[in-house]
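Trainee: Provided herewith: target-v7.cif, mmCIF, C-alpha atoms.
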```
data_input
loop_
_atom_site.label_atom_id
_atom_site.label_comp_id
_atom_site.auth_asym_id
_atom_site.auth_seq_id
_atom_site.Cartn_x
_atom_site.Cartn_y
_atom_site.Cartn_z
CA MET A 1 18.21 17.98 17.19
CA THR A 2 15.61 20.72 17.28
CA ILE A 3 12.67 19.82 19.53
CA ALA A 4 9.36 21.60 19.05
CA SER A 5 6.00 21.04 20.67
CA GLU A 6 3.11 19.94 18.50
CA ALA A 7 1.57 23.43 18.70
CA GLN A 8 4.84 25.13 17.74
CA VAL A 9 5.33 22.83 14.75
CA ALA A 10 1.75 23.54 13.61
CA ARG A 11 2.50 27.29 13.60
CA LYS A 12 5.62 26.89 11.51
CA SER A 13 5.59 26.60 7.76
CA SER A 14 5.08 22.93 6.95
CA LEU A 15 6.35 23.25 3.37
CA LEU A 16 9.79 21.66 3.95
CA PRO A 17 8.52 18.78 6.13
CA MET A 18 5.65 18.09 3.73
CA THR A 19 8.06 18.11 0.76
CA ILE A 20 10.44 15.64 2.40
CA ILE A 21 7.63 13.39 3.60
CA GLY A 22 6.13 13.63 0.11
CA VAL A 23 9.34 12.24 -1.37
CA LEU A 24 9.18 9.39 1.14
CA PHE A 25 5.58 8.65 0.21
CA PHE A 26 6.61 8.47 -3.44
CA ILE A 27 9.16 5.84 -2.45
CA PHE A 28 6.48 3.98 -0.45
CA GLY A 29 4.31 3.89 -3.55
CA PHE A 30 7.10 2.96 -5.94
CA VAL A 31 8.25 0.00 -3.85
CA THR A 32 4.75 -1.13 -2.83
CA TRP A 33 3.01 -1.01 -6.18
CA LEU A 34 5.89 -2.64 -7.99
CA ASN A 35 4.47 -5.85 -6.52
CA GLY A 36 1.48 -5.68 -8.86
CA SER A 37 3.80 -6.10 -11.86
CA LEU A 38 6.17 -8.42 -10.01
CA ILE A 39 3.48 -11.02 -9.27
CA PRO A 40 2.69 -12.12 -12.85
CA PHE A 41 6.40 -11.74 -13.70
CA LEU A 42 7.55 -14.09 -10.93
CA LYS A 43 4.64 -16.42 -11.70
CA VAL A 44 6.32 -17.06 -15.05
CA ILE A 45 10.03 -17.16 -14.17
CA CYS A 46 9.54 -19.16 -10.95
CA GLU A 47 6.83 -21.35 -12.55
CA LEU A 48 4.17 -20.74 -9.90
CA ASN A 49 0.41 -21.13 -9.76
CA GLU A 50 -1.77 -18.15 -8.86
CA PHE A 51 -1.96 -19.00 -5.16
CA GLN A 52 1.83 -19.38 -4.88
CA ALA A 53 2.42 -16.12 -6.76
CA LEU A 54 0.41 -14.22 -4.14
CA PHE A 55 3.05 -15.07 -1.53
CA VAL A 56 4.76 -11.98 -2.99
CA THR A 57 2.20 -9.84 -1.17
CA PHE A 58 2.34 -12.09 1.89
CA ALA A 59 6.12 -11.76 2.33
CA PHE A 60 6.00 -8.01 1.78
CA TYR A 61 3.05 -7.13 4.01
CA ILE A 62 3.59 -9.65 6.81
CA ALA A 63 6.73 -7.66 7.65
CA TYR A 64 4.45 -4.90 8.92
CA THR A 65 2.95 -7.24 11.52
CA VAL A 66 6.16 -8.99 12.55
CA MET A 67 8.28 -5.84 12.71
CA ALA A 68 5.85 -3.05 13.71
CA LEU A 69 6.38 -3.22 17.48
CA PRO A 70 10.18 -3.72 17.25
CA MET A 71 10.34 -0.78 14.84
CA SER A 72 8.24 1.41 17.16
CA SER A 73 10.72 0.59 19.94
CA ILE A 74 13.56 1.77 17.70
CA LEU A 75 11.54 4.87 16.88
CA ARG A 76 11.18 5.79 20.56
CA ARG A 77 14.98 5.63 20.92
CA THR A 78 15.96 7.39 17.70
CA GLY A 79 13.17 9.91 17.27
CA TYR A 80 11.06 10.25 14.15
CA ARG A 81 13.68 11.81 11.87
CA ASN A 82 16.51 9.37 12.61
CA GLY A 83 14.00 6.53 12.51
CA MET A 84 13.14 7.43 8.92
CA ALA A 85 16.84 7.26 8.02
CA VAL A 86 17.11 3.81 9.64
CA GLY A 87 14.11 2.62 7.63
CA LEU A 88 15.65 3.85 4.39
CA GLY A 89 18.90 2.04 5.25
CA ILE A 90 17.04 -1.23 5.73
CA MET A 91 15.36 -0.71 2.36
CA VAL A 92 18.78 -0.31 0.72
CA VAL A 93 19.66 -3.78 2.01
CA GLY A 94 16.35 -5.14 0.70
CA SER A 95 16.89 -3.62 -2.75
CA LEU A 96 20.39 -5.07 -3.05
CA SER A 97 19.03 -8.47 -1.95
CA PHE A 98 17.18 -8.64 -5.26
CA ILE A 99 20.52 -9.10 -7.06
CA PRO A 100 21.23 -12.67 -5.85
CA ALA A 101 17.51 -13.45 -6.07
CA ALA A 102 17.39 -12.38 -9.73
CA TYR A 103 20.56 -14.21 -10.77
CA SER A 104 19.37 -17.44 -9.12
CA ALA A 105 15.65 -17.03 -10.03
CA ASN A 106 15.01 -18.44 -6.56
CA PHE A 107 11.51 -17.62 -5.28
CA LEU A 108 12.50 -17.91 -1.60
CA LEU A 109 15.26 -15.34 -2.08
CA PHE A 110 12.77 -13.01 -3.75
CA LEU A 111 10.45 -13.43 -0.77
CA GLY A 112 13.31 -12.70 1.64
CA ALA A 113 14.20 -9.51 -0.24
CA LEU A 114 10.56 -8.42 -0.19
CA PHE A 115 10.38 -9.04 3.57
CA ILE A 116 13.44 -6.82 4.14
CA LEU A 117 11.91 -4.06 2.01
CA GLY A 118 8.68 -4.38 4.00
CA THR A 119 10.65 -4.11 7.24
CA GLY A 120 12.22 -0.83 6.14
CA LEU A 121 8.86 0.50 5.06
CA THR A 122 7.41 -0.47 8.45
CA ILE A 123 9.55 2.01 10.36
CA LEU A 124 9.08 4.66 7.67
CA GLN A 125 5.30 4.29 7.80
CA THR A 126 5.25 4.21 11.61
CA ALA A 127 7.16 7.50 11.69
CA SER A 128 5.72 9.37 8.73
CA ASN A 129 1.96 8.88 9.11
CA PRO A 130 1.61 10.36 12.63
CA TYR A 131 4.10 13.04 11.51
CA VAL A 132 1.71 14.12 8.75
CA VAL A 133 -1.25 13.99 11.16
CA HIS A 134 0.43 16.24 13.73
CA ILE A 135 2.30 18.65 11.45
CA GLY A 136 -0.78 20.86 11.14
CA PRO A 137 -4.41 21.28 12.28
CA LYS A 138 -6.04 17.96 13.12
CA GLU A 139 -9.28 18.74 11.30
CA SER A 140 -7.36 18.93 8.01
CA ALA A 141 -5.16 15.89 8.69
CA ALA A 142 -7.06 13.73 6.19
CA MET A 143 -6.48 16.40 3.56
CA ARG A 144 -2.70 16.32 4.19
CA ILE A 145 -2.64 12.52 4.09
CA SER A 146 -4.65 12.73 0.86
CA ILE A 147 -1.86 14.84 -0.64
CA MET A 148 0.59 12.13 0.41
CA GLY A 149 -1.77 9.58 -1.12
CA ILE A 150 -1.73 11.36 -4.47
CA ILE A 151 2.06 11.19 -4.45
CA ASN A 152 2.04 7.55 -3.29
CA LYS A 153 -0.47 6.38 -5.86
CA GLY A 154 1.09 8.59 -8.54
CA ALA A 155 4.15 6.39 -8.12
CA GLY A 156 1.80 3.43 -8.46
CA VAL A 157 0.67 4.76 -11.85
CA ILE A 158 4.26 5.16 -13.05
CA VAL A 159 5.91 1.98 -11.79
CA PRO A 160 3.93 -0.64 -13.82
CA ILE A 161 4.61 1.36 -16.99
CA MET A 162 8.33 1.59 -16.12
CA PHE A 163 8.46 -2.09 -15.22
CA THR A 164 6.87 -3.04 -18.55
CA ALA A 165 9.30 -0.80 -20.46
CA LEU A 166 12.49 -1.78 -18.60
CA VAL A 167 11.87 -5.45 -17.83
CA LEU A 168 9.23 -6.79 -20.21
CA SER A 169 10.25 -4.89 -23.36
CA GLY A 170 10.37 -7.24 -26.34
CA LEU A 171 8.87 -10.13 -24.39
CA GLU A 172 5.18 -9.76 -25.23
CA ASN A 173 4.79 -13.49 -25.95
CA PHE A 174 6.91 -14.68 -23.06
CA ASP A 175 4.57 -16.66 -20.80
CA ALA A 176 4.14 -20.05 -19.13
CA ALA A 177 2.90 -21.64 -22.36
CA HIS A 178 5.97 -20.38 -24.22
CA LEU A 179 8.28 -21.82 -21.56
CA ALA A 180 6.50 -25.17 -21.55
CA ALA A 181 7.21 -25.57 -25.27
CA LEU A 182 10.99 -25.29 -24.73
CA ASN A 183 13.40 -28.03 -23.76
CA GLU A 184 14.96 -27.90 -20.30
CA VAL A 185 18.19 -26.14 -21.37
CA GLU A 186 16.40 -23.48 -23.42
CA ARG A 187 13.86 -22.89 -20.67
CA ALA A 188 16.59 -22.40 -18.03
CA ALA A 189 18.45 -19.99 -20.31
CA GLN A 190 15.39 -17.85 -21.02
CA ILE A 191 14.34 -17.76 -17.36
CA SER A 192 17.86 -16.68 -16.39
CA GLU A 193 17.90 -13.97 -19.07
CA LEU A 194 14.52 -12.61 -18.03
CA SER A 195 15.12 -12.63 -14.27
CA ALA A 196 18.48 -10.86 -14.73
CA ARG A 197 16.56 -7.87 -16.08
CA LEU A 198 15.48 -7.12 -12.50
CA VAL A 199 19.02 -6.35 -11.34
CA MET A 200 19.57 -2.82 -12.63
CA PRO A 201 16.16 -1.40 -11.57
CA TYR A 202 16.82 -2.46 -7.98
CA VAL A 203 20.41 -1.15 -8.08
CA TYR A 204 19.04 2.24 -9.15
CA MET A 205 16.49 2.03 -6.34
CA ALA A 206 19.25 1.38 -3.78
CA ILE A 207 21.19 4.43 -5.03
CA ALA A 208 18.10 6.63 -4.78
CA LEU A 209 17.45 5.41 -1.22
CA VAL A 210 21.01 6.26 -0.15
CA ILE A 211 20.52 9.82 -1.46
CA LEU A 212 17.26 10.04 0.50
CA ILE A 213 19.02 9.03 3.71
CA GLY A 214 21.24 12.11 3.34
CA LEU A 215 18.20 14.29 2.62
CA VAL A 216 16.38 13.13 5.76
CA LYS A 217 19.44 13.30 8.02
CA PHE A 218 20.68 16.75 7.00
CA SER A 219 17.50 18.59 6.00
CA GLY A 220 16.67 20.06 9.40
CA LEU A 221 13.38 18.17 9.50
CA PRO A 222 11.85 19.10 12.90
CA GLU A 223 11.18 16.46 15.54
CA ILE A 224 7.67 16.35 16.95
CA LYS A 225 7.34 15.87 20.70
CA PHE A 226 3.94 14.56 21.70
CA GLU A 227 2.30 15.47 24.98
CA GLU A 228 2.88 13.05 27.83
CA SER A 229 -0.81 12.23 28.17
CA ALA A 230 -4.22 13.14 26.85
CA SER A 231 -6.21 15.13 29.38
CA ALA A 232 -9.42 13.16 28.92
CA ASP A 233 -7.71 9.79 29.13
CA GLY A 234 -4.83 10.51 31.45
CA GLU A 235 -5.78 7.59 33.68
CA LYS A 236 -5.24 5.04 30.92
CA GLY A 237 -2.09 2.98 31.22
CA SER A 238 -2.16 0.81 28.09
CA ILE A 239 -2.72 1.30 24.38
CA MET A 240 -5.22 -1.57 24.56
CA GLN A 241 -7.56 0.70 26.53
CA PHE A 242 -8.18 2.86 23.44
CA PRO A 243 -10.93 1.16 21.39
CA GLN A 244 -10.62 3.67 18.54
CA VAL A 245 -7.06 2.45 17.91
CA ILE A 246 -7.75 -1.30 18.16
CA LEU A 247 -10.80 -1.05 15.92
CA GLY A 248 -8.90 1.34 13.65
CA ALA A 249 -6.15 -1.26 13.21
CA LEU A 250 -8.78 -3.85 12.25
CA ALA A 251 -10.34 -1.39 9.82
CA LEU A 252 -6.91 -0.79 8.27
CA PHE A 253 -6.40 -4.57 8.10
CA ALA A 254 -9.59 -4.79 6.03
CA TYR A 255 -8.72 -1.72 3.97
CA VAL A 256 -5.14 -2.64 3.11
CA GLY A 257 -6.24 -6.17 2.24
CA ILE A 258 -8.78 -4.97 -0.30
CA GLU A 259 -6.47 -2.18 -1.52
CA VAL A 260 -3.76 -4.74 -2.29
CA ILE A 261 -6.31 -7.05 -3.89
CA ALA A 262 -7.55 -4.23 -6.14
CA GLY A 263 -4.02 -3.08 -7.04
CA ASP A 264 -1.93 -6.24 -7.07
CA THR A 265 -4.33 -8.93 -8.32
CA ILE A 266 -5.85 -6.97 -11.18
CA GLY A 267 -2.95 -7.96 -13.44
CA LEU A 268 -3.27 -11.60 -12.41
CA TYR A 269 -7.02 -11.44 -13.01
CA GLY A 270 -6.57 -9.78 -16.38
CA GLN A 271 -4.02 -12.42 -17.34
CA SER A 272 -6.46 -15.20 -16.38
CA ILE A 273 -9.20 -13.90 -18.70
CA GLY A 274 -6.89 -13.07 -21.60
CA VAL A 275 -6.45 -9.29 -21.28
CA SER A 276 -3.44 -8.43 -23.43
CA ASN A 277 -2.14 -5.47 -21.41
CA PHE A 278 -2.36 -7.27 -18.04
CA ALA A 279 1.12 -6.15 -16.86
CA SER A 280 0.04 -2.50 -16.77
CA LEU A 281 -3.41 -2.97 -15.22
CA THR A 282 -2.23 -1.85 -11.77
CA SER A 283 -1.90 1.62 -13.29
CA TYR A 284 -5.67 1.69 -13.89
CA THR A 285 -6.36 1.12 -10.19
CA MET A 286 -3.76 3.71 -9.22
CA VAL A 287 -5.25 6.34 -11.54
CA PHE A 288 -8.60 5.92 -9.80
CA MET A 289 -6.90 6.16 -6.40
CA VAL A 290 -5.16 9.39 -7.40
CA LEU A 291 -8.56 10.74 -8.45
CA GLY A 292 -10.00 9.74 -5.06
CA TYR A 293 -7.18 11.37 -3.13
CA SER A 294 -7.57 14.52 -5.22
CA LEU A 295 -11.22 14.69 -4.20
CA GLY A 296 -10.06 14.34 -0.58
CA VAL A 297 -7.67 17.29 -0.92
CA ILE A 298 -10.44 19.43 -2.38
CA CYS A 299 -13.32 18.35 -0.15
CA ILE A 300 -11.86 17.58 3.32
CA PRO A 301 -12.70 19.35 5.60
CA ARG A 302 -14.25 22.13 3.49
CA PHE A 303 -17.22 20.19 2.13
CA ILE A 304 -17.13 16.84 3.89
CA SER A 305 -15.89 15.55 7.24
CA GLN A 306 -13.39 12.74 7.66
CA GLU A 307 -16.14 10.55 9.16
CA LYS A 308 -18.50 11.13 6.22
CA ALA A 309 -15.74 10.44 3.70
CA LEU A 310 -15.09 7.11 5.39
CA THR A 311 -18.80 6.19 5.29
CA LEU A 312 -19.14 7.01 1.59
CA SER A 313 -15.95 5.09 0.78
CA ALA A 314 -17.26 1.93 2.45
CA ILE A 315 -20.57 2.09 0.59
CA ALA A 316 -18.95 2.78 -2.79
CA GLY A 317 -16.44 -0.02 -2.24
CA SER A 318 -19.20 -2.53 -1.52
CA LEU A 319 -20.92 -1.59 -4.78
CA CYS A 320 -17.66 -2.02 -6.71
CA VAL A 321 -17.21 -5.52 -5.27
CA LEU A 322 -20.65 -6.48 -6.54
CA GLY A 323 -19.76 -5.02 -9.92
CA ALA A 324 -16.46 -6.93 -10.08
CA VAL A 325 -18.17 -10.23 -9.27
CA PHE A 326 -21.26 -9.92 -11.44
CA ALA A 327 -20.09 -7.80 -14.41
CA SER A 328 -19.13 -9.31 -17.75
CA THR A 329 -15.60 -10.46 -18.52
CA ASP A 330 -16.22 -9.77 -22.23
CA ASP A 331 -18.19 -6.52 -22.43
CA THR A 332 -16.07 -3.34 -22.39
CA SER A 333 -18.91 -0.80 -22.47
CA VAL A 334 -18.07 0.72 -19.07
CA ALA A 335 -14.43 1.16 -20.09
CA ALA A 336 -15.52 2.73 -23.35
CA LEU A 337 -17.72 5.17 -21.44
CA LEU A 338 -14.89 6.12 -19.08
CA TRP A 339 -11.92 6.49 -21.40
CA GLY A 340 -12.63 4.99 -24.83
CA TRP A 341 -12.40 8.47 -26.34
CA ALA A 342 -8.81 8.82 -25.04
CA GLY A 343 -7.41 5.86 -26.97
CA ILE A 344 -6.54 3.97 -23.74
CA PRO A 345 -6.69 0.16 -24.15
CA LEU A 346 -10.13 -1.05 -23.09
CA ILE A 347 -10.59 -3.71 -20.42
CA PRO A 348 -13.65 -5.85 -19.56
CA ASN A 349 -16.33 -4.37 -17.32
CA SER A 350 -15.47 -6.70 -14.45
CA VAL A 351 -11.85 -5.51 -14.50
CA VAL A 352 -13.05 -1.89 -14.62
CA PHE A 353 -14.93 -2.39 -11.35
CA VAL A 354 -11.79 -3.86 -9.75
CA ALA A 355 -9.89 -0.75 -10.83
CA MET A 356 -12.69 1.50 -9.57
CA MET A 357 -12.25 0.08 -6.06
CA GLY A 358 -9.23 2.39 -6.05
CA LEU A 359 -11.54 5.39 -6.31
CA ALA A 360 -13.98 3.95 -3.77
CA HIS A 361 -11.48 3.33 -0.97
CA ALA A 362 -8.92 6.08 -1.65
CA LEU A 363 -10.03 8.11 1.38
CA VAL A 364 -10.11 5.22 3.87
CA TRP A 365 -6.44 5.42 4.86
CA PRO A 366 -6.32 9.23 5.32
CA SER A 367 -9.61 9.20 7.24
CA ILE A 368 -8.79 6.37 9.65
CA TRP A 369 -5.41 7.70 10.81
CA PRO A 370 -6.54 10.98 12.42
CA LEU A 371 -9.68 9.33 13.84
CA ALA A 372 -7.70 6.48 15.40
CA LEU A 373 -4.86 8.61 16.79
CA SER A 374 -7.16 11.18 18.36
CA GLY A 375 -6.42 11.69 22.08
CA LEU A 376 -3.53 9.18 22.38
CA GLY A 377 -0.91 11.59 23.74
CA LYS A 378 2.13 9.61 24.92
CA PHE A 379 0.68 6.45 23.35
CA THR A 380 0.91 7.90 19.82
CA ALA A 381 3.98 5.86 18.78
CA GLN A 382 2.40 2.64 20.07
CA GLY A 383 -0.91 3.51 18.44
CA SER A 384 0.85 4.18 15.17
CA ALA A 385 2.62 0.81 15.43
CA LEU A 386 -0.72 -0.96 15.97
CA LEU A 387 -2.20 0.77 12.95
CA ILE A 388 0.84 -0.21 10.91
CA MET A 389 0.30 -3.82 12.01
CA GLY A 390 -3.08 -3.56 10.32
CA ILE A 391 -1.17 -3.45 7.04
CA SER A 392 -0.82 -7.22 7.46
CA GLY A 393 -4.21 -7.37 5.79
CA GLY A 394 -2.21 -6.96 2.59
CA ALA A 395 -0.42 -10.22 3.42
CA ILE A 396 -3.36 -12.37 4.49
CA LEU A 397 -6.43 -11.28 2.53
CA PRO A 398 -4.86 -11.60 -0.96
CA LEU A 399 -3.97 -15.21 -0.08
CA LEU A 400 -7.59 -15.83 0.88
CA PHE A 401 -8.57 -14.16 -2.39
CA GLY A 402 -6.28 -16.52 -4.27
CA LYS A 403 -7.56 -19.58 -2.41
CA LEU A 404 -11.21 -18.62 -3.05
CA GLY A 405 -10.53 -18.08 -6.72
CA HIS A 406 -8.55 -21.32 -6.97
CA LEU A 407 -11.26 -23.39 -5.26
CA ALA A 408 -14.02 -21.82 -7.38
CA GLY A 409 -12.01 -22.26 -10.57
CA ALA A 410 -12.42 -18.55 -11.38
CA THR A 411 -10.27 -15.66 -10.14
CA GLN A 412 -13.31 -13.39 -10.35
CA PHE A 413 -15.01 -15.26 -7.49
CA GLY A 414 -12.20 -14.25 -5.11
CA TYR A 415 -13.37 -10.63 -5.10
CA TRP A 416 -16.23 -11.62 -2.80
CA ILE A 417 -13.74 -11.27 0.06
CA GLY A 418 -13.91 -7.49 -0.37
CA LEU A 419 -17.52 -7.24 0.83
CA PRO A 420 -16.94 -8.01 4.55
CA CYS A 421 -13.89 -5.72 4.42
CA TYR A 422 -15.95 -2.74 3.31
CA LEU A 423 -18.74 -3.55 5.75
CA PHE A 424 -16.33 -3.47 8.71
CA ILE A 425 -14.97 -0.14 7.48
CA LEU A 426 -18.57 1.09 7.42
CA PHE A 427 -18.99 0.01 11.06
CA TYR A 428 -15.84 1.92 12.05
CA ALA A 429 -17.05 5.02 10.21
CA LEU A 430 -20.46 4.98 11.89
CA LYS A 431 -19.55 3.83 15.41
CA GLY A 432 -16.10 2.34 15.98
CA HIS A 433 -14.09 5.56 15.82
CA LYS A 434 -16.32 7.19 18.47
CA MET A 435 -15.73 4.50 21.10
CA ARG A 436 -13.52 5.54 24.02
CA HIS A 437 -14.31 2.65 26.37
CA TRP A 438 -14.91 -1.06 25.82
#
```
Give the structure from this file in structure tokens form.

Mentor:
Amino acid sequence: MTIASEAQVARKSSLLPMTIIGVLFFIFGFVTWLNGSLIPFLKVICELNEFQALFVTFAFYIAYTVMALPMSSILRRTGYRNGMAVGLGIMVVGSLSFIPAAYSANFLLFLGALFILGTGLTILQTASNPYVVHIGPKESAAMRISIMGIINKGAGVIVPIMFTALVLSGLENFDAAHLAALNEVERAAQISELSARLVMPYVYMAIALVILIGLVKFSGLPEIKFEESASADGEKGSIMQFPQVILGALALFAYVGIEVIAGDTIGLYGQSIGVSNFASLTSYTMVFMVLGYSLGVICIPRFISQEKALTLSAIAGSLCVLGAVFASTDDTSVAALLWGWAGIPLIPNSVVFVAMMGLAHALVWPSIWPLALSGLGKFTAQGSALLIMGISGGAILPLLFGKLGHLAGATQFGYWIGLPCYLFILFYALKGHKMRHW
């Protein structure tokens, strides 16, 4: 294995590493944002209520909390490159686990398969994010992560459309009401037929992941060796003594929670208010996120600092939450203004504001990572693992969203949970990332 110092790697051309990591980020996005289409799908075939359906996100994202520290331990032993290959191998197992889950239409088996996929993504995320931060100049790290975000969310635009075409084709009227009208034998037969449509997409995913393992293992991807300690904080002996990391993990908890809510519940919300194209609504959120990441690539650090981008994201996100809660569920004037001329199906104003959260918070992830990892030295792997644990916000906050909406009798009310999330991100942008002592 070729070992290079951080400075040496920065001087080398980063085209090959960025290309390989870009492919991985596409896989992250494809697997992650498939959940947005999977939730309303499993709600029907497993006969779930809205709160139960959101255990899809819980099973997937809780893996990041449960497995982050064990995966970081593996990463220290294997190195970053081999660790990525291990993560991809675990994801192969998770993809193949969807086969028995689909044939049995058993919700617990689906949740188990999602947990395994999340476990594989945990080690991939723990390795790849600090890799992108340290592969070039630190002041442009958010720009590089924004490029990865465009790729990630680009996959999020594609996957709901593919899911609708491959799995839901010809089943426009297949819903809970349709099932309820059937007798027990007919209902079981139709559920079995529909769930079996999941098998081939996940088989193809497993094949693609195996090919990626070979790419990562034999590509000559350089291994980054981090300095043993940071000069300013050399006396620190524990990751818990770095406030910027602990607070950064909490900020990511808030961010990922609201990101998942904006991306994965928009279809459920659209379904609840009668939007006909609800299965593809995740694509709307992802398009806005791609736009946000594109602005990051253009503007950071040339026109705006990482800190300022984070501040503006938090403010814009708060405004979108208010729009989602208070806007009309009938009026489509905002949608008509944005893309009515393009012939894209219009959605109610309230749903538009949910989708626009994608634009508002697109730069939160790429801004927090370099700010939180600054000055960690030998604690970088542990710091990365803590930040990855913050992804558990995607497991917990959507459940709270679902419970709020269920108790209020309106899914729209659940979006209130986004406001404290954005306000904490604002605190981190203004003060939290600067703290070096408790």

Trainee: Please identify every residue of stretch 392-436 of chain A that has at least one atom no farther than 12 Å from an atom of stretch 34-44 of chain A, counting all atoms listed in the file, and for each give the shortest atom pair and the distance in Å to one decimal, arranged by chain then increasing number, as a Markdown table.

Mentor:
```
| residue | atom | partner | partner_atom | distance |
| --- | --- | --- | --- | --- |
| A:Gly394 | CA | A:Asn35 | CA | 11.4 |
| A:Ala395 | CA | A:Asn35 | CA | 11.9 |
| A:Pro398 | CA | A:Gly36 | CA | 11.7 |
```

Trainee: Just so the selection is clear, what residues does the PyMOL selection byres ((chain A and resi 60) around 9) cover here, as a ChimeraX atom specification?

Mentor: /A:32,35,55-59,61-64,111-119,392,394-395

Trainee: Atom CA of A:Ile45 and atom CA of A:Ser192 are how many Å apart?

Mentor: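 Going from atom CA of A:Ile45 over to atom CA of A:Ser192 covers 8.2 Å.
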
Trainee: For the atom pair atom CA of A:Pro137 and atom CA of A:Ala85, what is the interatomic distance in Å to one decimal place?

Mentor: 25.8 Å

Trainee: Have a look at A:Ser384, A:Thr19, A:Gln412, A:Ser104 and name the one nearest to A:Val245; count all atoms listed in the file.

Mentor: A:Ser384

Trainee: Using all atoms listed in the file, find the one residue out of A:Phe26, A:Phe110, A:Tyr284, A:Tyr202 that sits nearest to A:Leu359.

Mentor: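 Among the listed residues, A:Tyr284 lies closest to A:Leu359.
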
Trainee: Record the distance separating atom CA of A:Val133 and atom CA of A:Ile304, expressed in Å with one decimal.

Mentor: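 If I compute the distance from atom CA of A:Val133 to atom CA of A:Ile304, I get 17.7 Å.
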
Trainee: Given the file shown, determine the residues that the PyMOL selection byres ((chain A and resi 330) around 9) selects; report them as a PyMOL selection string.

Mentor: chain A and resi 273+327-329+331-332+347-350

Trainee: Check what the PyMOL selection byres ((chain A and resi 270) around 10) selects in the file above and give those residues as a PDB file with C-alpha atoms, in the frame of the given file.

Mentor:
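Now in result_4.pdb:
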```pdb
ATOM      1  CA  THR A 265      -4.330  -8.930  -8.320  1.00  0.00           C
ATOM      2  CA  ILE A 266      -5.850  -6.970 -11.180  1.00  0.00           C
ATOM      3  CA  GLY A 267      -2.950  -7.960 -13.440  1.00  0.00           C
ATOM      4  CA  LEU A 268      -3.270 -11.600 -12.410  1.00  0.00           C
ATOM      5  CA  TYR A 269      -7.020 -11.440 -13.010  1.00  0.00           C
ATOM      6  CA  GLN A 271      -4.020 -12.420 -17.340  1.00  0.00           C
ATOM      7  CA  SER A 272      -6.460 -15.200 -16.380  1.00  0.00           C
ATOM      8  CA  ILE A 273      -9.200 -13.900 -18.700  1.00  0.00           C
ATOM      9  CA  GLY A 274      -6.890 -13.070 -21.600  1.00  0.00           C
ATOM     10  CA  VAL A 275      -6.450  -9.290 -21.280  1.00  0.00           C
ATOM     11  CA  SER A 276      -3.440  -8.430 -23.430  1.00  0.00           C
ATOM     12  CA  ASN A 277      -2.140  -5.470 -21.410  1.00  0.00           C
ATOM     13  CA  PHE A 278      -2.360  -7.270 -18.040  1.00  0.00           C
ATOM     14  CA  ALA A 279       1.120  -6.150 -16.860  1.00  0.00           C
ATOM     15  CA  SER A 280       0.040  -2.500 -16.770  1.00  0.00           C
ATOM     16  CA  LEU A 281      -3.410  -2.970 -15.220  1.00  0.00           C
ATOM     17  CA  THR A 329     -15.600 -10.460 -18.520  1.00  0.00           C
ATOM     18  CA  ILE A 347     -10.590  -3.710 -20.420  1.00  0.00           C
ATOM     19  CA  PRO A 348     -13.650  -5.850 -19.560  1.00  0.00           C
ATOM     20  CA  SER A 350     -15.470  -6.700 -14.450  1.00  0.00           C
ATOM     21  CA  VAL A 351     -11.850  -5.510 -14.500  1.00  0.00           C
ATOM     22  CA  THR A 411     -10.270 -15.660 -10.140  1.00  0.00           C
ATOM     23  CA  GLN A 412     -13.310 -13.390 -10.350  1.00  0.00           C
TER      24      GLN A 412
END
```

Trainee: Ranking A:Pro366, A:Pro100, A:Gly402, A:Gly83 by minimum distance to A:Gly248 and counting all atoms listed in the file, which one comes first?

Mentor: A:Pro366

Trainee: Return the single residue from A:Val86, A:Ile388, A:Trp416, A:Ser95 that is closest to A:Ala208, with distances computed using all atoms listed in the file.

Mentor: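 Using all atoms listed in the file, the shortest distance to A:Ala208 belongs to A:Ser95.
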
Trainee: Compute the distance from (-13.5, -0.1, -7.7) to each atom, counting all atoms listed in the file, keep the residues with any atom at most 8 Å away, and return them as a PyMOL selection string; use the coordinates of the file.

Mentor: chain A and resi 262+285+316-317+320-321+324+352-361

Trainee: Closest to A:Ile21 among A:Tyr131, A:Phe98, A:Phe51, A:Phe242, using only C-alpha atoms?

Mentor: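 Of the candidates, the smallest distance to A:Ile21 is held by A:Tyr131.
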
Trainee: With distances taken over all atoms listed in the file, which of A:Pro201, A:Pro243, A:Gly120, A:Gly405 is nearest to A:Ala372?

Mentor: A:Pro243
